[in-house]
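Let me begin by presenting the structure, written as structure tokens, before commenting on it.
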Amino acid sequence: MEDLNVNYNGKQIRSHKVMLTNRKTCTISGVVDVLSFDTGEVLLETDLGMLMIKGKELHVSRLSLDKGEVDVEGNVDSLTYSDIVTAREKTESFFSKLFQ
């Protein structure tokens, strides 16, 4: 099921999928890491950016980082993506602005 030949911005990544069923069960693939989670918010790093899941009574029911898969259950209110900005990119951006 996992597709490792997806090309995104010139790099090979795992296929990323999000399936939300009845706003109660969310199955996500292409997950690199689970950065934090509590009953109100789950923050995931995916191959395509950060994914924040907000809701109530959230819990991670299945986690397989080897396969890059996570299941989240609870009352899902929102799914929000943002780009991944590494510490190196922040430093490069700071110095590039400084020396312009």
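Following the order of the structure tokens, chains are lettered A, B, ..., residues in each are numbered from 1, and ligands are numbered from 1.
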Can you build me a table of region 50-78 of chain A residues sitting at most 7 Å from region 30-33 of chain A, with the closest atom pair per residue and its distance in Å to one decimal, using only C-alpha atoms, sorted by chain and residue number, as JSON lines?
{"residue": "A:Leu65", "atom": "CA", "partner": "A:Val32", "partner_atom": "CA", "distance": 6.6}
{"residue": "A:Gly68", "atom": "CA", "partner": "A:Val31", "partner_atom": "CA", "distance": 4.4}
{"residue": "A:Glu69", "atom": "CA", "partner": "A:Val31", "partner_atom": "CA", "distance": 5.8}
### Query
Thr21 (chain A): which residues within 12 Å, counting only C-alpha atoms, same-chain residues fewer than 2 positions away excluded, as a list of chain:residue names?
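The filter keeps A:Val18, A:Met19, A:Arg23, A:Lys24, A:Thr25, A:Cys26, A:Thr27, A:Ile28, A:Asp71, A:Val72, A:Glu73, A:Gly74, A:Asn75, A:Val76.
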### Query
For the atom pair CA of His59 (chain A) and CA of Asn22 (chain A), what is the interatomic distance in Å to one decimal place?
15.8 Å
### Message
What's around Glu45 (chain A) at 10 Å? Count only C-alpha atoms, leave out sequence neighbours fewer than 5 positions away in its own chain, and write the answer as a VMD selection string.
### Response
chain A and resid 30 to 36 50 to 52 81 to 84
### Query
How far is it from CA of Phe37 (chain A) to CA of Leu58 (chain A), in Å with one decimal?
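Atom-to-atom, CA of Phe37 (chain A) and CA of Leu58 (chain A) are spaced 8.3 Å apart.
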### Task
Have a look at A:Leu79, A:Val70, A:Lys17, A:Ser64 and name the one nearest to Leu48 (chain A); count only C-alpha atoms.
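For Leu48 (chain A), the nearest of the candidates is A:Lys17.
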### Message
I'd like the interatomic distance between CA of Lys54 (chain A) and CA of Lys67 (chain A), to a tenth of an Å.
### Response
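Computing it gives 23.3 Å between the two atoms.
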